[in-house]
Amino acid sequence: MLVHIAARNLSRGWRRSLAVVGSIVIGLAGCMILVGWSRGFAFQMADNAVRSDLATIAIQARGYQANPDPARTLPAPPDEVLALADGRAGVWAAPRLRAEGLVQSARNSSRGAIVGVDPAREPGVSVIAEAIVAGSYLENGTPRGRQLPPVLLGTALAERLRVGLGDKVVLRVPGESGIGAYRVRGLYRTGSSAFDRIHAYVLLEDAMRLLDTPGRVTEIAFFVDRSQDSLALRDQLRAELDLDAFEVLHWSEREPRLAVMIDLMDQMGWILYGFIFVGMAFGIANAILMSVYERMREFGLLRSLGLGSRRLLEMVLLEAVLLTGVGTVLGLVIGWALVTWMGTVGMDLSMFSEGLRRWGIGTTIYPSLTLDDAITPLLLAVGTGLVAGLWPASKAVRLRPAEALRAT
Amino acid sequence: MTKRILETADVTKDYETRTVVTRALDHISFRVESGEFTALAGPSGSGKTTLLNLLGTLDTPTEGQVKIDGIDVSACSERERSELRLRRLGFIFQAYNLVPVLTAAENVEFVLMLQGVSSAERRTRARTVLGDLGLGDLVDTRPTEMSGGQQQRVAVARAIAAEPEIVLADEPTANLDSATAESLLDLMVRMNHERGVTFLFSTHDPRVMKRARRIVQLVDGRIAEDELRDP
Ligand SMILES: Nc1ncnc2c1ncn2[C@@H]1O[C@H](COP(=O)(O)OP(=O)(O)O)[C@@H](O)[C@H]1O
Ligand SMILES: [Mg+2]
């Protein structure tokens, strides 16, 4: 019956209730959209990084992460480690040999990361093959003769070097034999311009020759179709390998800064929710306070009928919680629907694509939310309603019944 | 032997505002016994409301004691006072007696709910009482759709339904025209006769006063006269 009374009182003051519910809905839905976007951003950033070069998991020689010297190659033949992906559905593996060096053209030179890849396996772990915008991807077993070996450059790197398809570039790595001439076979463009400015891809065998590490690679990159399984896979791989010789690293361990940034975006969502609810609390408190002041006489009457002060407190709190609850549920439903819709359609941001490419995000964002993003605000809302109702409720209770009855 | 329901011993009530202290009641000693139908008479400002509030545990005296069924109210906690109001006292005020968002039946049921009566029983009891008092038509009506007289009658029904030992009514007829006032009085008299409900009501209307069997005259917070009559 108390619920009944609370609900009717709220509908009696429907204008005020509507205003409060409306502001909660707008605040919450807006908040969810923002959180959804930042989730989408973060996910996209991670996904792009993982798909372009980072890979979900990498197996390297112990110590390589701390000191990525190309001489620290895997202490085992690549095929042995690649075999770990066999029989695991949705898991792809590819060998890589990587070194820091210089990329030089006739006109310019640039610092770069030279990566030797196996074209038969690499497309399983990265999107470079799909990101070719001019020329073509690397191919195994191209007859050599007197031709120069092929290299793929990012568009940004090619621009910097002022080279195009078919032009000659020189790759240089530290060491005696570390120099070679290559011909630009293809240009790629990923979601990140910073990435495209650095990476030059060559065939694995050519990289081995350049670095003088025949039959050796610096990493085996793994890609996991279901990203939520990635940590479990890392742990399995760790269990299967001799950890004195190998290190098995998740992308968040290889790029801790990226992981921190994504975490930060997550936390920003919570801060946002916090602000919304603090604002909401004032709105709710104000609305309930007004209705309490208007109904002082009624409270006096209820007290005279024998309604205890505890129950009166409950009654007022109930109104606050009900009001907040309705607003929150509506806000969540609307916010969720909007985010889901945006996530399905994908938000095409090609208008700002250069800016986004700088962040390594690509041009389409798929806003997304987790269940937590909905449950936490719901709990928060009930809490906020309680806290916001407490002040007006205590006003209603503190007044002596005789005084309350005199109020008009 | 009649039972003493209400009793005040040397009760004084001062209202303190920022500038002045008003003595609303000045050493009142007075009692109401079971079955009485008593008017508290006196001009406006004589202390009628104040006395009824003290007797109803809605306020506390500055000095002296209020006893309900021999229980010293000043020794009671807020919770115990709520309980006294719920179980032993009924109230009727001048106006706005009903919870606005509840129908007549729900207003009656509300008190029964507080008393812990099961929902099935309170439904039938509320309807029976309203029917007995000739208010059957109003069962599902909200206060805003009732006349002043109807609201007051529903208030009587609610007070009666809770089966209190005494009903305290503060100028229950003040907002009614004389015909409606008469019929409300009729209803109260009937309840007093038929159900033995004790009534203590304040008024400054001579026509209402003359229906009482006892008239206590208040003047300036003191009892000026206390007479038993045969109406
Ligand atoms: N809450 C209050 N604060 C200050 N003075 C009050 C208050 N309530 C009543 N009074 C004063 O106490 C006196 C008695 O008032 P009241 O009991 O309302 O009289 P009645 O009901 O007979 O008209 C009046 O002088 C009134 O002004
Ligand atoms: Mg009065």
# chains A, B, ... in the order shown; residues from 1 in each chain; ligands from 1

call {"tool": "interface_residues", "arguments": {"of": "chain B", "to": "chain A", "cutoff": "10 Å", "atoms": "only C-alpha atoms", "output": "PDB file with N, CA and C atoms, in the first residue's frame"}}
result
ATOM      1  N   THR B  49      -7.442  23.658  20.213  1.00  0.00           N
ATOM      2  CA  THR B  49      -6.588  22.818  19.365  1.00  0.00           C
ATOM      3  C   THR B  49      -5.370  22.329  20.137  1.00  0.00           C
ATOM      4  N   THR B  50      -4.796  23.246  20.888  1.00  0.00           N
ATOM      5  CA  THR B  50      -3.614  22.888  21.668  1.00  0.00           C
ATOM      6  C   THR B  50      -3.927  21.742  22.625  1.00  0.00           C
ATOM      7  N   LEU B  52      -6.377  19.504  22.435  1.00  0.00           N
ATOM      8  CA  LEU B  52      -6.633  18.261  21.690  1.00  0.00           C
ATOM      9  C   LEU B  52      -5.329  17.642  21.175  1.00  0.00           C
ATOM     10  N   ASN B  53      -4.407  18.493  20.735  1.00  0.00           N
ATOM     11  CA  ASN B  53      -3.114  17.975  20.261  1.00  0.00           C
ATOM     12  C   ASN B  53      -2.340  17.291  21.387  1.00  0.00           C
ATOM     13  N   LEU B  54      -2.403  17.889  22.576  1.00  0.00           N
ATOM     14  CA  LEU B  54      -1.693  17.281  23.701  1.00  0.00           C
ATOM     15  C   LEU B  54      -2.342  15.954  24.067  1.00  0.00           C
ATOM     16  N   GLY B  56      -3.942  14.097  22.171  1.00  0.00           N
ATOM     17  CA  GLY B  56      -3.730  13.156  21.066  1.00  0.00           C
ATOM     18  C   GLY B  56      -2.281  12.780  20.859  1.00  0.00           C
ATOM     19  N   THR B  57      -1.412  13.184  21.759  1.00  0.00           N
ATOM     20  CA  THR B  57       0.039  12.903  21.689  1.00  0.00           C
ATOM     21  C   THR B  57       0.686  13.450  20.420  1.00  0.00           C
ATOM     22  N   LEU B  58       0.034  14.458  19.851  1.00  0.00           N
ATOM     23  CA  LEU B  58       0.636  15.065  18.664  1.00  0.00           C
ATOM     24  C   LEU B  58       1.633  16.144  19.069  1.00  0.00           C
ATOM     25  N   ASP B  59       1.567  16.530  20.324  1.00  0.00           N
ATOM     26  CA  ASP B  59       2.466  17.558  20.828  1.00  0.00           C
ATOM     27  C   ASP B  59       2.734  17.236  22.295  1.00  0.00           C
ATOM     28  N   THR B  60       3.748  17.873  22.870  1.00  0.00           N
ATOM     29  CA  THR B  60       4.075  17.572  24.264  1.00  0.00           C
ATOM     30  C   THR B  60       3.879  18.811  25.125  1.00  0.00           C
ATOM     31  N   GLU B  78       8.639   8.075  20.987  1.00  0.00           N
ATOM     32  CA  GLU B  78       7.905   8.484  19.796  1.00  0.00           C
ATOM     33  C   GLU B  78       7.168   7.291  19.184  1.00  0.00           C
ATOM     34  N   ARG B  79       7.831   6.182  19.224  1.00  0.00           N
ATOM     35  CA  ARG B  79       7.253   4.965  18.658  1.00  0.00           C
ATOM     36  C   ARG B  79       6.014   4.517  19.424  1.00  0.00           C
ATOM     37  N   GLU B  80       6.117   4.585  20.757  1.00  0.00           N
ATOM     38  CA  GLU B  80       4.966   4.193  21.576  1.00  0.00           C
ATOM     39  C   GLU B  80       3.795   5.144  21.372  1.00  0.00           C
ATOM     40  N   ARG B  81       4.122   6.412  21.160  1.00  0.00           N
ATOM     41  CA  ARG B  81       3.045   7.379  20.911  1.00  0.00           C
ATOM     42  C   ARG B  81       2.337   7.090  19.595  1.00  0.00           C
ATOM     43  N   SER B  82       3.117   6.765  18.570  1.00  0.00           N
ATOM     44  CA  SER B  82       2.507   6.379  17.294  1.00  0.00           C
ATOM     45  C   SER B  82       1.566   5.208  17.509  1.00  0.00           C
ATOM     46  N   GLU B  83       2.027   4.293  18.315  1.00  0.00           N
ATOM     47  CA  GLU B  83       1.245   3.088  18.603  1.00  0.00           C
ATOM     48  C   GLU B  83      -0.056   3.450  19.344  1.00  0.00           C
ATOM     49  N   LEU B  84       0.050   4.377  20.305  1.00  0.00           N
ATOM     50  CA  LEU B  84      -1.154   4.849  21.018  1.00  0.00           C
ATOM     51  C   LEU B  84      -2.152   5.469  20.046  1.00  0.00           C
ATOM     52  N   ARG B  85      -1.632   6.313  19.170  1.00  0.00           N
ATOM     53  CA  ARG B  85      -2.520   6.968  18.201  1.00  0.00           C
ATOM     54  C   ARG B  85      -3.185   5.938  17.302  1.00  0.00           C
ATOM     55  N   LEU B  86      -2.395   4.943  16.949  1.00  0.00           N
ATOM     56  CA  LEU B  86      -2.902   3.936  16.021  1.00  0.00           C
ATOM     57  C   LEU B  86      -3.987   3.069  16.662  1.00  0.00           C
ATOM     58  N   ARG B  87      -3.783   2.689  17.927  1.00  0.00           N
ATOM     59  CA  ARG B  87      -4.669   1.703  18.548  1.00  0.00           C
ATOM     60  C   ARG B  87      -5.788   2.326  19.376  1.00  0.00           C
ATOM     61  N   ARG B  88      -5.520   3.481  19.975  1.00  0.00           N
ATOM     62  CA  ARG B  88      -6.502   3.970  20.952  1.00  0.00           C
ATOM     63  C   ARG B  88      -7.153   5.284  20.594  1.00  0.00           C
ATOM     64  N   LEU B  89      -6.569   6.020  19.666  1.00  0.00           N
ATOM     65  CA  LEU B  89      -7.091   7.353  19.376  1.00  0.00           C
ATOM     66  C   LEU B  89      -7.543   7.474  17.934  1.00  0.00           C
ATOM     67  N   GLY B  90      -8.620   8.250  17.758  1.00  0.00           N
ATOM     68  CA  GLY B  90      -9.040   8.579  16.402  1.00  0.00           C
ATOM     69  C   GLY B  90      -9.061  10.094  16.280  1.00  0.00           C
ATOM     70  N   PHE B  91      -8.764  10.580  15.081  1.00  0.00           N
ATOM     71  CA  PHE B  91      -8.743  12.037  14.900  1.00  0.00           C
ATOM     72  C   PHE B  91      -9.663  12.463  13.765  1.00  0.00           C
ATOM     73  N   ILE B  92     -10.309  13.588  13.994  1.00  0.00           N
ATOM     74  CA  ILE B  92     -11.005  14.245  12.893  1.00  0.00           C
ATOM     75  C   ILE B  92     -10.624  15.723  12.966  1.00  0.00           C
ATOM     76  N   PHE B  93     -10.112  16.233  11.873  1.00  0.00           N
ATOM     77  CA  PHE B  93      -9.730  17.643  11.870  1.00  0.00           C
ATOM     78  C   PHE B  93     -10.769  18.456  11.125  1.00  0.00           C
ATOM     79  N   TYR B  96      -9.351  18.602   5.237  1.00  0.00           N
ATOM     80  CA  TYR B  96      -8.239  17.813   4.686  1.00  0.00           C
ATOM     81  C   TYR B  96      -7.901  16.628   5.567  1.00  0.00           C
ATOM     82  N   ASN B  97      -8.930  15.878   5.895  1.00  0.00           N
ATOM     83  CA  ASN B  97      -8.723  14.724   6.758  1.00  0.00           C
ATOM     84  C   ASN B  97      -8.242  13.493   6.022  1.00  0.00           C
ATOM     85  N   LEU B  98      -8.411  13.521   4.716  1.00  0.00           N
ATOM     86  CA  LEU B  98      -8.169  12.288   3.969  1.00  0.00           C
ATOM     87  C   LEU B  98      -6.878  12.369   3.170  1.00  0.00           C
ATOM     88  N   VAL B  99      -6.270  11.205   2.993  1.00  0.00           N
ATOM     89  CA  VAL B  99      -5.075  11.137   2.149  1.00  0.00           C
ATOM     90  C   VAL B  99      -5.544  11.338   0.707  1.00  0.00           C
ATOM     91  N   PRO B 100      -5.080  12.396   0.061  1.00  0.00           N
ATOM     92  CA  PRO B 100      -5.685  12.788  -1.217  1.00  0.00           C
ATOM     93  C   PRO B 100      -5.586  11.756  -2.329  1.00  0.00           C
ATOM     94  N   VAL B 101      -4.510  10.941  -2.312  1.00  0.00           N
ATOM     95  CA  VAL B 101      -4.363  10.002  -3.430  1.00  0.00           C
ATOM     96  C   VAL B 101      -5.108   8.687  -3.201  1.00  0.00           C
ATOM     97  N   LEU B 102      -5.786   8.579  -2.065  1.00  0.00           N
ATOM     98  CA  LEU B 102      -6.485   7.326  -1.777  1.00  0.00           C
ATOM     99  C   LEU B 102      -7.997   7.521  -1.827  1.00  0.00           C
ATOM    100  N   GLU B 106      -9.859   3.125   0.571  1.00  0.00           N
ATOM    101  CA  GLU B 106      -8.424   2.989   0.823  1.00  0.00           C
ATOM    102  C   GLU B 106      -7.981   3.809   2.035  1.00  0.00           C
ATOM    103  N   GLU B 109      -8.866   1.686   4.821  1.00  0.00           N
ATOM    104  CA  GLU B 109      -7.988   0.516   4.848  1.00  0.00           C
ATOM    105  C   GLU B 109      -6.575   0.864   5.306  1.00  0.00           C
ATOM    106  N   PHE B 110      -6.155   2.059   4.983  1.00  0.00           N
ATOM    107  CA  PHE B 110      -4.789   2.475   5.320  1.00  0.00           C
ATOM    108  C   PHE B 110      -4.530   2.303   6.819  1.00  0.00           C
ATOM    109  N   VAL B 111      -5.474   2.800   7.631  1.00  0.00           N
ATOM    110  CA  VAL B 111      -5.301   2.702   9.078  1.00  0.00           C
ATOM    111  C   VAL B 111      -5.324   1.244   9.517  1.00  0.00           C
ATOM    112  N   LEU B 112      -6.223   0.477   8.896  1.00  0.00           N
ATOM    113  CA  LEU B 112      -6.297  -0.947   9.243  1.00  0.00           C
ATOM    114  C   LEU B 112      -5.003  -1.657   8.864  1.00  0.00           C
ATOM    115  N   MET B 113      -4.420  -1.218   7.747  1.00  0.00           N
ATOM    116  CA  MET B 113      -3.144  -1.800   7.335  1.00  0.00           C
ATOM    117  C   MET B 113      -2.074  -1.519   8.391  1.00  0.00           C
ATOM    118  N   LEU B 114      -2.044  -0.252   8.853  1.00  0.00           N
ATOM    119  CA  LEU B 114      -1.065   0.092   9.890  1.00  0.00           C
ATOM    120  C   LEU B 114      -1.291  -0.761  11.136  1.00  0.00           C
ATOM    121  N   GLN B 115      -2.556  -1.090  11.382  1.00  0.00           N
ATOM    122  CA  GLN B 115      -2.865  -1.909  12.563  1.00  0.00           C
ATOM    123  C   GLN B 115      -2.513  -3.373  12.343  1.00  0.00           C
ATOM    124  N   SER B 119      -5.160  -8.118   4.454  1.00  0.00           N
ATOM    125  CA  SER B 119      -5.712  -7.300   3.378  1.00  0.00           C
ATOM    126  C   SER B 119      -7.144  -7.711   3.040  1.00  0.00           C
ATOM    127  N   ARG B 158     -13.463   6.414   9.042  1.00  0.00           N
ATOM    128  CA  ARG B 158     -12.105   5.914   9.218  1.00  0.00           C
ATOM    129  C   ARG B 158     -11.748   5.817  10.699  1.00  0.00           C
ATOM    130  N   ALA B 159     -12.123   6.879  11.449  1.00  0.00           N
ATOM    131  CA  ALA B 159     -11.821   6.873  12.878  1.00  0.00           C
ATOM    132  C   ALA B 159     -12.535   5.710  13.563  1.00  0.00           C
ATOM    133  N   ALA B 162     -11.163   2.006  12.973  1.00  0.00           N
ATOM    134  CA  ALA B 162      -9.969   1.617  13.703  1.00  0.00           C
ATOM    135  C   ALA B 162     -10.294   1.183  15.131  1.00  0.00           C
TER     136      ALA B 162
END

call {"tool": "residues_near_ligand", "arguments": {"ligand": "ligand 2", "cutoff": "8 Å", "atoms": "only C-alpha atoms and all ligand atoms", "output": "PyMOL selection string"}}
result
chain B and resi 44-45+47-50+170-171+202

call {"tool": "residues_around", "arguments": {"residues": "B:Thr180", "least_positions_apart": "6", "cutoff": "12 Å", "atoms": "only C-alpha atoms", "output": "PyMOL selection string"}}
result
chain B and resi 147-153+172-174+186-187+208

call {"tool": "atom_distance", "arguments": {"atom1": "atom CA of B:Gly70", "atom2": "atom CA of B:Phe201"}}
result
20.9 Å

call {"tool": "atom_distance", "arguments": {"atom1": "atom CA of A:Leu157", "atom2": "atom CA of A:Ile132"}}
result
13.7 Å

call {"tool": "residues_around", "arguments": {"residues": "A:Leu28", "least_positions_apart": "3", "cutoff": "8 Å", "atoms": "only C-alpha atoms", "output": "JSON, numbers by chain"}}
result
{"A": [24, 25, 31, 32, 273, 276, 328, 331, 332, 335]}

call {"tool": "write_last_selection", "arguments": {"atoms": "N, CA and C atoms", "output": "PDB file, in the first residue's frame"}}
result
ATOM      1  N   ILE A  24      16.933  12.331 -15.913  1.00  0.00           N
ATOM      2  CA  ILE A  24      17.696  11.100 -15.665  1.00  0.00           C
ATOM      3  C   ILE A  24      17.890  10.345 -16.978  1.00  0.00           C
ATOM      4  N   VAL A  25      16.804  10.258 -17.738  1.00  0.00           N
ATOM      5  CA  VAL A  25      16.871   9.510 -18.999  1.00  0.00           C
ATOM      6  C   VAL A  25      17.912  10.129 -19.934  1.00  0.00           C
ATOM      7  N   CYS A  31      25.144   9.428 -21.230  1.00  0.00           N
ATOM      8  CA  CYS A  31      26.306   8.844 -20.585  1.00  0.00           C
ATOM      9  C   CYS A  31      26.640   7.495 -21.204  1.00  0.00           C
ATOM     10  N   MET A  32      25.602   6.701 -21.443  1.00  0.00           N
ATOM     11  CA  MET A  32      25.836   5.380 -22.024  1.00  0.00           C
ATOM     12  C   MET A  32      26.392   5.509 -23.434  1.00  0.00           C
ATOM     13  N   TYR A 273      29.750   8.724 -15.288  1.00  0.00           N
ATOM     14  CA  TYR A 273      28.574   8.234 -14.567  1.00  0.00           C
ATOM     15  C   TYR A 273      28.475   8.937 -13.215  1.00  0.00           C
ATOM     16  N   ILE A 276      27.092  12.390 -13.583  1.00  0.00           N
ATOM     17  CA  ILE A 276      25.663  12.343 -13.913  1.00  0.00           C
ATOM     18  C   ILE A 276      24.843  12.073 -12.656  1.00  0.00           C
ATOM     19  N   THR A 328      15.922   5.571 -14.402  1.00  0.00           N
ATOM     20  CA  THR A 328      17.120   4.814 -14.733  1.00  0.00           C
ATOM     21  C   THR A 328      16.804   3.687 -15.714  1.00  0.00           C
ATOM     22  N   GLY A 331      16.156   5.204 -18.993  1.00  0.00           N
ATOM     23  CA  GLY A 331      17.411   5.721 -19.540  1.00  0.00           C
ATOM     24  C   GLY A 331      18.292   4.593 -20.058  1.00  0.00           C
ATOM     25  N   LEU A 332      18.349   3.504 -19.278  1.00  0.00           N
ATOM     26  CA  LEU A 332      19.184   2.377 -19.688  1.00  0.00           C
ATOM     27  C   LEU A 332      18.650   1.748 -20.962  1.00  0.00           C
ATOM     28  N   GLY A 335      19.243   4.242 -23.772  1.00  0.00           N
ATOM     29  CA  GLY A 335      20.679   4.339 -24.033  1.00  0.00           C
ATOM     30  C   GLY A 335      21.202   3.063 -24.684  1.00  0.00           C
TER      31      GLY A 335
END

call {"tool": "atom_distance", "arguments": {"atom1": "atom CA of A:Glu255", "atom2": "atom CA of A:Tyr366"}}
result
22.4 Å

call {"tool": "closest_residue", "arguments": {"among": "B:Thr2, B:Thr19, B:Thr8, B:Ser118", "to": "ligand 1", "atoms": "only C-alpha atoms and all ligand atoms"}}
result
B:Thr19

call {"tool": "select_by_dssp", "arguments": {"residues": "stretch 14-60 of chain B", "states": "strand (DSSP E or B)", "output": "count of residues only"}}
result
21

call {"tool": "residues_around", "arguments": {"residues": "A:Ala388", "least_positions_apart": "3", "cutoff": "6 Å", "atoms": "only C-alpha atoms", "output": "list in words"}}
result
Ala281, Ala285, Thr384 and Gly385 of chain A

call {"tool": "select_by_dssp", "arguments": {"residues": "stretch 4-174 of chain B", "states": "helix (DSSP H, G or I)", "output": "VMD selection string"}}
result
chain B and resid 48 to 55 73 to 75 78 to 88 104 to 114 119 to 132 136 to 138 143 to 145 148 to 161

call {"tool": "closest_residue", "arguments": {"among": "A:Val91, A:Leu203, A:Ile57, A:Leu74", "to": "A:Ala120", "atoms": "only C-alpha atoms"}}
result
A:Leu203

call {"tool": "closest_residue", "arguments": {"among": "B:Ala126, B:Val189, B:Ala169, B:Val32", "to": "ligand 1", "atoms": "only C-alpha atoms and all ligand atoms"}}
result
B:Ala169

call {"tool": "residues_around", "arguments": {"residues": "A:Glu253", "least_positions_apart": "5", "cutoff": "10 Å", "atoms": "only C-alpha atoms", "output": "PDB file with all heavy atoms, in the first residue's frame"}}
result
ATOM      1  N   ILE A  57      48.927 -12.464 -29.383  1.00  0.00           N
ATOM      2  CA  ILE A  57      49.938 -13.014 -28.489  1.00  0.00           C
ATOM      3  C   ILE A  57      51.217 -13.193 -29.297  1.00  0.00           C
ATOM      4  O   ILE A  57      51.155 -13.493 -30.493  1.00  0.00           O
ATOM      5  CB  ILE A  57      49.485 -14.383 -27.937  1.00  0.00           C
ATOM      6  CG1 ILE A  57      48.316 -14.180 -26.951  1.00  0.00           C
ATOM      7  CG2 ILE A  57      50.627 -15.141 -27.267  1.00  0.00           C
ATOM      8  CD1 ILE A  57      47.576 -15.444 -26.637  1.00  0.00           C
ATOM      9  N   ALA A  58      52.356 -12.963 -28.656  1.00  0.00           N
ATOM     10  CA  ALA A  58      53.616 -13.211 -29.352  1.00  0.00           C
ATOM     11  C   ALA A  58      54.487 -14.094 -28.480  1.00  0.00           C
ATOM     12  O   ALA A  58      54.534 -13.938 -27.264  1.00  0.00           O
ATOM     13  CB  ALA A  58      54.324 -11.894 -29.637  1.00  0.00           C
ATOM     14  N   GLN A  65      61.585  -8.850 -25.180  1.00  0.00           N
ATOM     15  CA  GLN A  65      60.695  -7.724 -24.922  1.00  0.00           C
ATOM     16  C   GLN A  65      61.459  -6.558 -24.295  1.00  0.00           C
ATOM     17  O   GLN A  65      61.291  -5.416 -24.685  1.00  0.00           O
ATOM     18  CB  GLN A  65      59.548  -8.169 -23.999  1.00  0.00           C
ATOM     19  CG  GLN A  65      58.568  -7.072 -23.627  1.00  0.00           C
ATOM     20  CD  GLN A  65      57.771  -6.591 -24.832  1.00  0.00           C
ATOM     21  OE1 GLN A  65      57.727  -7.260 -25.870  1.00  0.00           O
ATOM     22  NE2 GLN A  65      57.182  -5.417 -24.710  1.00  0.00           N
ATOM     23  N   VAL A 248      55.990 -15.536 -23.433  1.00  0.00           N
ATOM     24  CA  VAL A 248      54.697 -15.548 -24.121  1.00  0.00           C
ATOM     25  C   VAL A 248      53.954 -14.307 -23.654  1.00  0.00           C
ATOM     26  O   VAL A 248      53.612 -14.190 -22.477  1.00  0.00           O
ATOM     27  CB  VAL A 248      53.890 -16.814 -23.764  1.00  0.00           C
ATOM     28  CG1 VAL A 248      52.573 -16.826 -24.531  1.00  0.00           C
ATOM     29  CG2 VAL A 248      54.701 -18.060 -24.068  1.00  0.00           C
ATOM     30  N   LEU A 258      49.228   1.322 -24.597  1.00  0.00           N
ATOM     31  CA  LEU A 258      47.918   1.199 -25.239  1.00  0.00           C
ATOM     32  C   LEU A 258      46.900   0.629 -24.248  1.00  0.00           C
ATOM     33  O   LEU A 258      45.775   1.113 -24.130  1.00  0.00           O
ATOM     34  CB  LEU A 258      48.035   0.291 -26.464  1.00  0.00           C
ATOM     35  CG  LEU A 258      46.772   0.111 -27.302  1.00  0.00           C
ATOM     36  CD1 LEU A 258      46.284   1.446 -27.823  1.00  0.00           C
ATOM     37  CD2 LEU A 258      47.027  -0.858 -28.449  1.00  0.00           C
ATOM     38  N   ALA A 259      47.353  -0.383 -23.496  1.00  0.00           N
ATOM     39  CA  ALA A 259      46.461  -0.996 -22.519  1.00  0.00           C
ATOM     40  C   ALA A 259      46.051   0.023 -21.470  1.00  0.00           C
ATOM     41  O   ALA A 259      44.882   0.099 -21.071  1.00  0.00           O
ATOM     42  CB  ALA A 259      47.144  -2.197 -21.869  1.00  0.00           C
TER      43      ALA A 259
END

call {"tool": "residues_around", "arguments": {"residues": "A:Gly63", "least_positions_apart": "6", "cutoff": "12 Å", "atoms": "only C-alpha atoms", "output": "PyMOL selection string"}}
result
chain A and resi 69-75+218-219+243-249

call {"tool": "closest_residue", "arguments": {"among": "B:Thr17, B:Thr62, B:Asn175, B:Gln94", "to": "ligand 1", "atoms": "only C-alpha atoms and all ligand atoms"}}
result
B:Thr17
